[in-house]
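To keep things clear, I will list the structure first and then write my remarks on it.
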Amino acid sequence: MDNKKIAVLIPCYNESLTIEKVVLDFKKILPEADIYVYDNNSTDDTAKIAEKAGAIVRREYRQGKGNVIRTMFREIDADCYIMTDGDDTYPAEYAREMTNLVLSGKADMVIGDRLSATYFEENKRPFHGFGNSLVRACINTFWARGKNSKKILDVMTGYRAFSFMFVKSFPILSQGFEIETEMTIHALDKNLLIESLPVNYRDRPAGSFSKLNTYVDGAKVLMTIFNLYRNYRPLKFFGAISILLMLIALIMFLPVLTEFLQTGFVPRFPTLIVSGLIGVISILSAMCGLILDTIAVNARKDFELKMNFLKLINRTKQGD
């Protein structure tokens, strides 16, 4: 693994208080790595301090963590990528083990699992803990099923390691903090290798403030889960809607049918018409699910071909 290229990616917005320590800590643990700090329109001296500490500093002018990660993944080529935050909440000492898991081929994504370690003791924002647990439960309910699926222990952690294959095949749609949720769902849906590594989490030092809005960004994360479930699992999504509508239609129709069988009359025509319309919508929903599921299956086939192509490119680069 001596000739493997490692890149440490640090998206930053107003982290002048902690960025120097973060850069120096990762330089100590991974001296062979290139450390990239992408400044996202900071109004303090984050970029200058990072550059002075020895980081490669670049800028992303579109605001939002998702936009920063999108640019990082496009511009940087490496065999292993470490993503961390510039707020010094993730200890650098786990980076070597995370890197080894990726470079040995055991993982396409390594998740730095805070929730199994010190997160609930260190985190001072009570609703953040509840939100993390809620999102984790949603992801494991909708995606991590089957005997080969692993339960995801921490969905929203910002401390991760990635392979070249993951980074260059990941279509980023998110613009903000929901990017970690999108990463996790992508890896589960595409059956990529995922490993979790418990990491100690420490709260921000005094004077450092989180940019995460508990309620607004939490709602965005839940909406991301909803949209991706609809896109990745259309048959289950529209099938559930179809079953619900059909049950409503039957509940409305059966009393009308019973009355007709007993009297030979249909006195409640509006109920009959509405139940019929709901039944038709139920059938249309099921058909939409079948059609979109075929499209989703073909998209997965295209993804597998893309992965083979990326592997060929990576081997060619290593051969050069």
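By convention here, the chains of the structure tokens are called A, B, ... in the order presented, each chain's residues are numbered starting at 1, and ligands are numbered starting at 1 in the order presented.
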**Report entry** Shell of 12 Å around A:Ile291, only C-alpha atoms, local chain residues under 3 positions omitted, as a list in words
**Finding:** Asn231, Arg233, Pro234, Leu235, Phe238, Gly239, Leu284, Ser285, Ala286, Met287, Cys288, Thr294, Ile295, Ala296, Val297 and Asn298 of chain A
Store the residues picked out above, limited to all heavy atoms, as an mmCIF file, in the first residue's frame.
data_model
loop_
_atom_site.group_PDB
_atom_site.id
_atom_site.type_symbol
_atom_site.label_atom_id
_atom_site.label_comp_id
_atom_site.auth_asym_id
_atom_site.auth_seq_id
_atom_site.Cartn_x
_atom_site.Cartn_y
_atom_site.Cartn_z
ATOM 1 N N ASN A 231 -37.440 7.035 -5.247
ATOM 2 C CA ASN A 231 -36.648 6.854 -6.465
ATOM 3 C C ASN A 231 -36.013 5.472 -6.552
ATOM 4 O O ASN A 231 -35.957 4.870 -7.627
ATOM 5 C CB ASN A 231 -35.549 7.923 -6.529
ATOM 6 C CG ASN A 231 -36.110 9.319 -6.707
ATOM 7 O OD1 ASN A 231 -37.227 9.494 -7.185
ATOM 8 N ND2 ASN A 231 -35.356 10.329 -6.303
ATOM 9 N N ARG A 233 -36.798 2.665 -4.557
ATOM 10 C CA ARG A 233 -37.716 1.551 -4.293
ATOM 11 C C ARG A 233 -39.132 1.912 -4.762
ATOM 12 O O ARG A 233 -40.074 1.906 -3.967
ATOM 13 C CB ARG A 233 -37.735 1.237 -2.791
ATOM 14 C CG ARG A 233 -36.400 0.834 -2.199
ATOM 15 C CD ARG A 233 -36.061 -0.615 -2.575
ATOM 16 N NE ARG A 233 -34.951 -1.118 -1.800
ATOM 17 C CZ ARG A 233 -33.684 -1.016 -2.144
ATOM 18 N NH1 ARG A 233 -33.369 -0.397 -3.270
ATOM 19 N NH2 ARG A 233 -32.727 -1.521 -1.376
ATOM 20 N N PRO A 234 -39.297 2.211 -6.044
ATOM 21 C CA PRO A 234 -40.601 2.700 -6.509
ATOM 22 C C PRO A 234 -41.727 1.672 -6.386
ATOM 23 O O PRO A 234 -42.870 2.040 -6.129
ATOM 24 C CB PRO A 234 -40.343 3.057 -7.975
ATOM 25 C CG PRO A 234 -39.153 2.248 -8.369
ATOM 26 C CD PRO A 234 -38.306 2.161 -7.142
ATOM 27 N N LEU A 235 -41.419 0.378 -6.560
ATOM 28 C CA LEU A 235 -42.467 -0.629 -6.471
ATOM 29 C C LEU A 235 -43.026 -0.705 -5.047
ATOM 30 O O LEU A 235 -44.243 -0.765 -4.847
ATOM 31 C CB LEU A 235 -41.938 -1.987 -6.906
ATOM 32 C CG LEU A 235 -42.969 -3.116 -6.968
ATOM 33 C CD1 LEU A 235 -44.122 -2.752 -7.905
ATOM 34 C CD2 LEU A 235 -42.318 -4.417 -7.410
ATOM 35 N N PHE A 238 -44.905 2.957 -4.338
ATOM 36 C CA PHE A 238 -46.212 3.097 -4.975
ATOM 37 C C PHE A 238 -47.111 1.899 -4.683
ATOM 38 O O PHE A 238 -48.338 2.020 -4.709
ATOM 39 C CB PHE A 238 -46.042 3.287 -6.483
ATOM 40 C CG PHE A 238 -45.493 4.642 -6.849
ATOM 41 C CD1 PHE A 238 -44.149 4.806 -7.146
ATOM 42 C CD2 PHE A 238 -46.312 5.754 -6.872
ATOM 43 C CE1 PHE A 238 -43.637 6.052 -7.467
ATOM 44 C CE2 PHE A 238 -45.822 7.004 -7.198
ATOM 45 C CZ PHE A 238 -44.475 7.155 -7.494
ATOM 46 N N GLY A 239 -46.499 0.736 -4.411
ATOM 47 C CA GLY A 239 -47.295 -0.418 -4.034
ATOM 48 C C GLY A 239 -47.999 -0.210 -2.696
ATOM 49 O O GLY A 239 -49.166 -0.583 -2.527
ATOM 50 N N LEU A 284 -53.722 2.517 -10.945
ATOM 51 C CA LEU A 284 -52.739 3.357 -11.642
ATOM 52 C C LEU A 284 -51.450 3.488 -10.827
ATOM 53 O O LEU A 284 -50.348 3.474 -11.383
ATOM 54 C CB LEU A 284 -53.336 4.739 -11.918
ATOM 55 C CG LEU A 284 -54.433 4.813 -12.968
ATOM 56 C CD1 LEU A 284 -55.018 6.232 -13.043
ATOM 57 C CD2 LEU A 284 -53.889 4.399 -14.336
ATOM 58 N N SER A 285 -51.587 3.616 -9.497
ATOM 59 C CA SER A 285 -50.408 3.701 -8.636
ATOM 60 C C SER A 285 -49.577 2.429 -8.728
ATOM 61 O O SER A 285 -48.347 2.477 -8.815
ATOM 62 C CB SER A 285 -50.839 3.949 -7.192
ATOM 63 O OG SER A 285 -49.719 4.028 -6.342
ATOM 64 N N ALA A 286 -50.252 1.279 -8.723
ATOM 65 C CA ALA A 286 -49.529 0.007 -8.849
ATOM 66 C C ALA A 286 -48.820 -0.089 -10.190
ATOM 67 O O ALA A 286 -47.667 -0.550 -10.264
ATOM 68 C CB ALA A 286 -50.506 -1.160 -8.673
ATOM 69 N N MET A 287 -49.458 0.358 -11.263
ATOM 70 C CA MET A 287 -48.833 0.323 -12.586
ATOM 71 C C MET A 287 -47.622 1.249 -12.650
ATOM 72 O O MET A 287 -46.588 0.908 -13.232
ATOM 73 C CB MET A 287 -49.858 0.709 -13.651
ATOM 74 C CG MET A 287 -51.022 -0.275 -13.786
ATOM 75 S SD MET A 287 -50.459 -1.971 -14.144
ATOM 76 C CE MET A 287 -49.688 -1.730 -15.748
ATOM 77 N N CYS A 288 -47.751 2.451 -12.033
ATOM 78 C CA CYS A 288 -46.611 3.376 -11.987
ATOM 79 C C CYS A 288 -45.434 2.731 -11.262
ATOM 80 O O CYS A 288 -44.280 2.853 -11.693
ATOM 81 C CB CYS A 288 -47.014 4.670 -11.286
ATOM 82 S SG CYS A 288 -48.080 5.750 -12.260
ATOM 83 N N THR A 294 -38.998 -1.107 -13.111
ATOM 84 C CA THR A 294 -38.221 -1.579 -14.274
ATOM 85 C C THR A 294 -37.116 -0.595 -14.611
ATOM 86 O O THR A 294 -35.969 -0.992 -14.889
ATOM 87 C CB THR A 294 -39.142 -1.765 -15.491
ATOM 88 O OG1 THR A 294 -40.170 -2.711 -15.166
ATOM 89 C CG2 THR A 294 -38.357 -2.267 -16.692
ATOM 90 N N ILE A 295 -37.436 0.691 -14.560
ATOM 91 C CA ILE A 295 -36.425 1.724 -14.820
ATOM 92 C C ILE A 295 -35.326 1.681 -13.765
ATOM 93 O O ILE A 295 -34.127 1.783 -14.075
ATOM 94 C CB ILE A 295 -37.089 3.117 -14.865
ATOM 95 C CG1 ILE A 295 -38.053 3.207 -16.040
ATOM 96 C CG2 ILE A 295 -36.043 4.219 -14.961
ATOM 97 C CD1 ILE A 295 -38.882 4.478 -16.068
ATOM 98 N N ALA A 296 -35.719 1.499 -12.490
ATOM 99 C CA ALA A 296 -34.744 1.445 -11.403
ATOM 100 C C ALA A 296 -33.819 0.231 -11.544
ATOM 101 O O ALA A 296 -32.612 0.324 -11.299
ATOM 102 C CB ALA A 296 -35.464 1.410 -10.056
ATOM 103 N N VAL A 297 -34.374 -0.905 -11.944
ATOM 104 C CA VAL A 297 -33.555 -2.109 -12.149
ATOM 105 C C VAL A 297 -32.553 -1.890 -13.277
ATOM 106 O O VAL A 297 -31.375 -2.255 -13.167
ATOM 107 C CB VAL A 297 -34.451 -3.324 -12.441
ATOM 108 C CG1 VAL A 297 -33.608 -4.514 -12.924
ATOM 109 C CG2 VAL A 297 -35.256 -3.704 -11.206
ATOM 110 N N ASN A 298 -33.001 -1.265 -14.361
ATOM 111 C CA ASN A 298 -32.088 -0.967 -15.470
ATOM 112 C C ASN A 298 -31.001 0.016 -15.052
ATOM 113 O O ASN A 298 -29.859 -0.071 -15.508
ATOM 114 C CB ASN A 298 -32.875 -0.416 -16.660
ATOM 115 C CG ASN A 298 -33.689 -1.487 -17.355
ATOM 116 O OD1 ASN A 298 -33.320 -2.666 -17.343
ATOM 117 N ND2 ASN A 298 -34.807 -1.100 -17.964
#
Could you give me, as CSV, every stretch 177-198 of chain A residue with an atom at most 10 Å from stretch 56-80 of chain A, plus its closest atom pair and distance in Å to one decimal, counting only C-alpha atoms, rows ordered by chain then number?
residue,atom,partner,partner_atom,distance
A:Phe177,CA,A:Lys65,CA,5.7
A:Glu178,CA,A:Gly66,CA,7.4
A:Ile179,CA,A:Gly66,CA,5.3
A:Glu180,CA,A:Gly66,CA,8.5
A:Glu182,CA,A:Gly66,CA,9.6
Report task. Identify, on the basis of only C-alpha atoms, every residue whose closest approach to stretch 303-314 of chain A does not exceed 12 Å; exclude the query and any residue fewer than 5 positions from it along the same chain; express the result as a VMD selection string. Result -> chain A and resid 4 to 5 77 to 80 108 163 to 171 186 to 187 189 to 192 296 to 298 319 to 320
Query raised in the report: A:Glu20: which residues within 9 Å, counting only C-alpha atoms, same-chain residues fewer than 6 positions away excluded, as a list in words?
Result: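 Residues near the query, excluding close chain neighbours: Thr46, Ile49, Ala50, Glu51, Lys52, Ala53, Gly54 and Gly86 of chain A.
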Query raised in the report: Where does DSSP see helix (DSSP H, G or I) in stretch 136-198 of chain A, if you list the residues as a list in words?
Result: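 Of stretch 136-198 of chain A, only Arg136, Ala137, Cys138, Ile139, Asn140, Thr141, Phe142, Phe164, Met165, Phe166, Val167, Lys168, Ser169, Ile179, Glu180, Thr181, Glu182, Met183, Thr184, Ile185, His186, Ala187, Leu188 and Asp189 of chain A fall in helix (DSSP H, G or I).
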Requested in this report: Among the residues of stretch 146-243 of chain A, find those DSSP assigns to strand (DSSP E or B) from the backbone and print them as a ChimeraX atom specification.
Outcome: /A:160-163,194-198
Filtering to N, CA, C and O atoms, could you give me those residues as a PDB file, in the first residue's frame?
ATOM      1  N   ARG A 160     -15.755   9.760   7.550  1.00  0.00           N
ATOM      2  CA  ARG A 160     -15.875   8.586   6.694  1.00  0.00           C
ATOM      3  C   ARG A 160     -14.622   8.407   5.845  1.00  0.00           C
ATOM      4  O   ARG A 160     -13.865   9.356   5.634  1.00  0.00           O
ATOM      5  N   ALA A 161     -14.470   7.184   5.346  1.00  0.00           N
ATOM      6  CA  ALA A 161     -13.428   6.888   4.369  1.00  0.00           C
ATOM      7  C   ALA A 161     -14.085   6.260   3.148  1.00  0.00           C
ATOM      8  O   ALA A 161     -15.062   5.507   3.284  1.00  0.00           O
ATOM      9  N   PHE A 162     -13.553   6.575   1.963  1.00  0.00           N
ATOM     10  CA  PHE A 162     -14.151   6.101   0.714  1.00  0.00           C
ATOM     11  C   PHE A 162     -13.081   5.532  -0.208  1.00  0.00           C
ATOM     12  O   PHE A 162     -11.931   5.962  -0.201  1.00  0.00           O
ATOM     13  N   SER A 163     -13.521   4.609  -1.038  1.00  0.00           N
ATOM     14  CA  SER A 163     -12.669   4.111  -2.115  1.00  0.00           C
ATOM     15  C   SER A 163     -12.812   4.993  -3.350  1.00  0.00           C
ATOM     16  O   SER A 163     -13.744   5.803  -3.451  1.00  0.00           O
ATOM     17  N   ILE A 194     -19.658  -1.881   3.091  1.00  0.00           N
ATOM     18  CA  ILE A 194     -19.743  -0.888   4.161  1.00  0.00           C
ATOM     19  C   ILE A 194     -19.190  -1.486   5.446  1.00  0.00           C
ATOM     20  O   ILE A 194     -19.525  -2.605   5.812  1.00  0.00           O
ATOM     21  N   GLU A 195     -18.333  -0.733   6.113  1.00  0.00           N
ATOM     22  CA  GLU A 195     -17.838  -1.113   7.434  1.00  0.00           C
ATOM     23  C   GLU A 195     -18.064   0.054   8.389  1.00  0.00           C
ATOM     24  O   GLU A 195     -18.007   1.214   7.991  1.00  0.00           O
ATOM     25  N   SER A 196     -18.332  -0.272   9.642  1.00  0.00           N
ATOM     26  CA  SER A 196     -18.491   0.742  10.685  1.00  0.00           C
ATOM     27  C   SER A 196     -17.362   0.602  11.694  1.00  0.00           C
ATOM     28  O   SER A 196     -17.009  -0.509  12.093  1.00  0.00           O
ATOM     29  N   LEU A 197     -16.817   1.738  12.086  1.00  0.00           N
ATOM     30  CA  LEU A 197     -15.733   1.761  13.066  1.00  0.00           C
ATOM     31  C   LEU A 197     -16.120   2.723  14.187  1.00  0.00           C
ATOM     32  O   LEU A 197     -16.294   3.921  13.940  1.00  0.00           O
ATOM     33  N   PRO A 198     -16.297   2.224  15.415  1.00  0.00           N
ATOM     34  CA  PRO A 198     -16.639   3.145  16.517  1.00  0.00           C
ATOM     35  C   PRO A 198     -15.532   4.179  16.734  1.00  0.00           C
ATOM     36  O   PRO A 198     -14.345   3.834  16.813  1.00  0.00           O
TER      37      PRO A 198
END
Query - Which residue of A:Thr84, A:Asn3, A:Ser116, A:Thr157 approaches A:Val37 most closely, using only C-alpha atoms - result: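 Selected residue with least distance to A:Val37: A:Thr84.
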Query - Atom pair atom CA of A:Met183 / atom CA of A:Val102: separation (Å) - result: 15.8 Å
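Contact shell of A:Thr184 at 9 Å (only C-alpha atoms; same-chain neighbours under 6 positions omitted): Met109, Ile111, Ile139, Ile152, Val155, Met156 and Ile194 of chain A.
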Please provide as a PDB file with C-alpha atoms, in the first residue's frame all residues within 7 Å of stretch 268-273 of chain A, with the sequence filter that same-chain residues fewer than 5 positions apart are discarded (counting only C-alpha atoms).
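Generated output (out.pdb):
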ATOM      1  CA  MET A 252     -66.454   2.509   0.970  1.00  0.00           C
ATOM      2  CA  PHE A 253     -67.735  -0.010  -1.585  1.00  0.00           C
ATOM      3  CA  VAL A 256     -72.996  -0.189  -0.949  1.00  0.00           C
TER       4      VAL A 256
END
Give me the residues within 6 Å of stretch 11-15 of chain A as an mmCIF file with N, CA and C atoms, in the first residue's frame, counting only C-alpha atoms and dropping any in the same chain fewer than 3 places off.
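New file result37.cif:
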data_model
loop_
_atom_site.group_PDB
_atom_site.id
_atom_site.type_symbol
_atom_site.label_atom_id
_atom_site.label_comp_id
_atom_site.auth_asym_id
_atom_site.auth_seq_id
_atom_site.Cartn_x
_atom_site.Cartn_y
_atom_site.Cartn_z
ATOM 1 N N THR A 18 -10.483 26.077 15.035
ATOM 2 C CA THR A 18 -10.091 24.670 15.153
ATOM 3 C C THR A 18 -9.344 24.109 13.947
ATOM 4 N N ILE A 19 -9.373 24.778 12.805
ATOM 5 C CA ILE A 19 -8.874 24.165 11.576
ATOM 6 C C ILE A 19 -7.381 23.849 11.641
ATOM 7 N N VAL A 37 -8.382 21.463 2.180
ATOM 8 C CA VAL A 37 -9.386 22.252 2.881
ATOM 9 C C VAL A 37 -10.136 23.078 1.848
ATOM 10 N N TYR A 38 -11.420 22.854 1.734
ATOM 11 C CA TYR A 38 -12.257 23.626 0.809
ATOM 12 C C TYR A 38 -13.049 24.648 1.623
ATOM 13 N N ASP A 39 -12.700 25.905 1.403
ATOM 14 C CA ASP A 39 -13.346 26.996 2.134
ATOM 15 C C ASP A 39 -14.664 27.370 1.452
ATOM 16 N N ASN A 40 -15.746 27.339 2.227
ATOM 17 C CA ASN A 40 -17.082 27.573 1.684
ATOM 18 C C ASN A 40 -17.595 28.961 2.092
ATOM 19 N N SER A 42 -16.127 31.378 3.888
ATOM 20 C CA SER A 42 -15.902 31.775 5.276
ATOM 21 C C SER A 42 -15.673 33.282 5.374
ATOM 22 N N ASP A 44 -14.153 34.452 8.174
ATOM 23 C CA ASP A 44 -13.013 34.589 9.087
ATOM 24 C C ASP A 44 -11.735 34.167 8.361
ATOM 25 N N THR A 46 -10.243 31.225 8.155
ATOM 26 C CA THR A 46 -10.124 29.770 8.023
ATOM 27 C C THR A 46 -9.137 29.380 6.921
ATOM 28 N N GLY A 86 -14.072 20.266 9.966
ATOM 29 C CA GLY A 86 -13.033 21.175 10.430
ATOM 30 C C GLY A 86 -13.247 21.687 11.836
#
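Atom pair atom CA of A:Ala137 / atom CA of A:Asp217 has a distance of 17.4 Å (rounded to one decimal).
Coordinates place atom CA of A:Thr141 at a distance of 14.0 Å from atom CA of A:Thr181.
Of the residues under consideration (A:Ile35, A:Leu257, A:Ala55, A:Val22), A:Ile35 shows the shortest atom-to-atom contact distance to A:Leu9 when counting only C-alpha atoms.
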Requested in this report: Go through A:Ile251, A:Ile281, A:Leu24, A:Leu103 one by one, measure the shortest atom-to-atom distance of each to A:Ile6 using only C-alpha atoms, and give the residue with the smallest value.
Outcome: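 Counting only C-alpha atoms, the residue closest to A:Ile6 is A:Leu103.
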Query raised in the report: So, counting only C-alpha atoms, which residue among A:Ser174, A:Thr89, A:Asn132, A:Ser16 is closest to A:Leu228?
Result: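 Looking at the shortest contact to A:Leu228, the residue is A:Ser174.
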